[in-house]
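Taking it in order: structure first as structure tokens, then the write-up.
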Amino acid sequence: MPFDNAFSELLRDAADLAPDTPGDVLADAGERLGRSRVLRRRAATAAGACAALALAGLFSVAIQPGGVTAPAASRPRTNPAITGQFMIDTLTSLLPPGRIDDTYGEGSSAPQGGPMAHVAYDDGHGASAITLSTDWVALPISAGTQGTQCPDPTERPTEGCTRTVGTDGSILVIEKFKPEPGGGPTSTWTAIWTGPDGRRVRLDEMNSRTAGPPLTRAEPALSADQLAAVVSSPAWNPVFEVFTTSTNTPASPQLPLPSAILSTADSLLPSGIQRDHGSAPQTTPGMAHLTVTVDGRTSLLSISVTPHWMKDHNPRSLFNNLATGQQLTHTQNGADVITSTYGTTKSSPTPPVRWLADALLPDGTRVSISENNGTTGYDAQPGTPALTLDQLTTLATAPAWQQ
């Protein structure tokens with residue numbers, strides 16, 4: 001598997017600079033947008049140091065990994081002890097006994113994001129790629145804080161997810177993702193610990209050494225309890241003494257709740273279009289889904305909304321770069337929008353099974369709306385969609401999405 005594809009699979013989360021499918025776009029926008037440019041830069045560095053690595057140091061986006069930028073961090077003092085090797089050694093010390101290789105780390109002097117570490121860990125039953133990353137999220141912690149809610153299983157197949165609130169107010173989310181139809185074969189298990197002060201420790205592991213085939217084991221190496229022990233360990237406290245955020249500039253703005261996204265979508269859809277939000281609660285910040293029916297045709301709309309996407313960079317230039325090989329237009333109200341259709345795979349673009357309108361609004365809000373005929377965001381079937389691409393474009397570029 002090419003390195004970029006393997007890396008996207010590990011993030012999933014999602015790579016916003018070269019999405020394979022609308023699902024990739026939405027996963028980024030909904031949970032990883034804004035981080036991937038930083039991550040790819042760091043991954044390239046890691047690949048140069050160790051070609052087998054596929055990094056997934058995930059940082060809270062302004063994502064949404066949708067309207068998000070990399071953490072705005074200040075380091076008022078340096079601590080030479082927080083090096084890449086410190087991160088590797090600390091992660092290794094928290095893992096059960098086993099073989100460690102393919103290591104890579106960045107410390108408090110990292111040019112982008114927080115200190116992180118990557119290792120290949122083998123407990124004797126096959127290696128797992130394991131990546132730990134650190135960052136901060138905006139206070140106060142709320143239902144709109146990215147990474148503190150279980151993901152929407154409509155958008156990605158899961159084996160399960162648990163969410164635990166500690167007595168100190170910390171939140172631990174453990175997600176077990178299955179391989180996606182038409183995607184990579186790996187399974188990814190993720191633990192995200194968010195402290196009441198906004199500090200975050202995240203660990204991603206896969207049942208592969210390099211985030212792609214061949215698979216090395218049936219499941220990732222660490223159990224849910226072991227994942228929890230690593231990310232919640234006080235061994236990471238020294239990291240946050242040198243990797244701090246300004247009290248005036250939150251690292252990760254809050255994402256809109258699904259209820260707000262659905263309310264806006266309802267207000268924008270024509271009255272003659274039937275819509276159904278489904279019976280299951282939607283809790284993933286920055287993302288929502290609903291089905292729409294027109295003249296007997298029913299399609300699923302998956303929507304991600306990311307306020308202030310990539311605000312610390314040049315969002316319009318970055319967004320326009322996404323349009324390679326796709327249709328880019330500029331609307332009269334100042335929005336840029338990329339429209340595209342997808343088959344079941346990139347190599348088989350027909351018959352089309354997914355339709356996407358991905359818009360950057362004048363205030364920097366990114367809105368991605370994917371449509372497919374199916375019951376989930378990854379179960380797409382051929383057929384005529386309920387809404388045309390022009391209607392998706394009108395919906396995605398509406399000023400009502402702006403924050």
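All residue names refer to the structure tokens as shown: chains lettered A, B, ... in order, residues numbered from 1 in each chain, ligands numbered from 1 in order.
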Would you return as an NGL selection string the members of region 155-334 of chain A that DSSP assigns to strand (DSSP E) on this structure's backbone?
:A and (158-165 or 171-177 or 188-194 or 199-206 or 244-245 or 274-276 or 287-294 or 297-306 or 327-330)
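Counting only C-alpha atoms, Ala357 (chain A) has the following residues at most 9 Å away, ignoring those fewer than 3 positions along the same chain: Pro22, Val337, Ile338, Thr339, Ser340, Val367, Ser368, Ile369, Ser370, Glu371, Leu389, Asp390, Leu392, Thr393, Thr394, Leu395, Ala396 and Thr397 of chain A.
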7 Å contact set for region 190-192 of chain A, only C-alpha atoms, chain neighbours under 5 positions out, as a ChimeraX atom specification
/A:147,172-176,201-205,227-228,231
Write to file, as a compact mmCIF listing (two decimals), in the first residue's frame, the residues of the selection just made, with N, CA and C atoms.
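Listing of selection.txt after writing:
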# COMPACT_ATOMS: atom_id res chain seq x y z
N GLY A 147 -13.42 14.55 20.23
CA GLY A 147 -12.72 13.46 20.88
C GLY A 147 -13.29 13.04 22.21
N LEU A 172 -12.54 9.58 29.06
CA LEU A 172 -11.80 8.56 28.32
C LEU A 172 -12.74 7.92 27.30
N VAL A 173 -12.35 7.99 26.03
CA VAL A 173 -13.12 7.36 24.96
C VAL A 173 -12.24 6.30 24.31
N ILE A 174 -12.74 5.09 24.24
CA ILE A 174 -12.02 3.99 23.58
C ILE A 174 -12.87 3.50 22.41
N GLU A 175 -12.31 3.60 21.21
CA GLU A 175 -13.02 3.28 19.98
C GLU A 175 -12.34 2.08 19.31
N LYS A 176 -13.14 1.16 18.80
CA LYS A 176 -12.64 0.02 18.05
C LYS A 176 -13.26 0.04 16.67
N VAL A 201 -4.25 13.17 25.67
CA VAL A 201 -3.31 12.13 25.26
C VAL A 201 -4.10 11.12 24.43
N ARG A 202 -3.58 10.83 23.26
CA ARG A 202 -4.28 9.92 22.34
C ARG A 202 -3.34 8.82 21.90
N LEU A 203 -3.85 7.59 21.82
CA LEU A 203 -3.07 6.46 21.33
C LEU A 203 -3.88 5.73 20.27
N ASP A 204 -3.22 5.47 19.13
CA ASP A 204 -3.82 4.70 18.04
C ASP A 204 -2.99 3.46 17.81
N GLU A 205 -3.63 2.32 17.69
CA GLU A 205 -2.92 1.07 17.40
C GLU A 205 -3.66 0.32 16.30
N LEU A 227 -4.92 0.12 26.84
CA LEU A 227 -5.00 1.42 26.19
C LEU A 227 -5.29 2.51 27.20
N ALA A 228 -6.27 2.25 28.06
CA ALA A 228 -6.66 3.24 29.07
C ALA A 228 -5.50 3.56 30.01
N VAL A 231 -2.82 5.98 28.17
CA VAL A 231 -3.17 7.38 27.92
C VAL A 231 -3.46 8.16 29.19
Using Å and a single decimal, report how far CA of Lys178 (chain A) sits from CA of Leu262 (chain A).
26.6 Å
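Relative to CA of Phe86 (chain A), CA of Thr186 (chain A) is found at 28.6 Å.
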Near Tyr121 (chain A), counting only C-alpha atoms, which residues have an atom at most 8 Å away, once you skip same-chain residues fewer than 3 positions from it, shown as a PyMOL selection string?
chain A and resi 98-101+127-130+221
So which residues touch region 232-240 of chain A within 8 Å, counting only C-alpha atoms, skipping near sequence neighbours fewer than 6 positions away, as a PyMOL selection string?
chain A and resi 82+90+108+115+193+199+201
All residues 9 Å or closer to Thr264 (chain A), only C-alpha atoms, same chain fewer than 5 positions away omitted, as a ChimeraX atom specification
/A:259,269,400-401
Nearest to Leu301 (chain A), restricted to only C-alpha atoms and choosing among A:Gly374, A:Pro185, A:Pro258, A:Gly84, comes out as A:Gly374
Work out how far CA of Met116 (chain A) is from CA of Gln146 (chain A), in Å to one decimal.
19.0 Å
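When only C-alpha atoms are used to measure the gap to Val137 (chain A), the shortest distance among A:Gln327, A:Asn320, A:Ser109, A:Gln254 belongs to A:Gln254.
For the residues A:Ala224, A:Leu387, A:Ala211, A:Val305, ranking by smallest atom-to-atom distance to Pro256 (chain A) using only C-alpha atoms places A:Val305 first.
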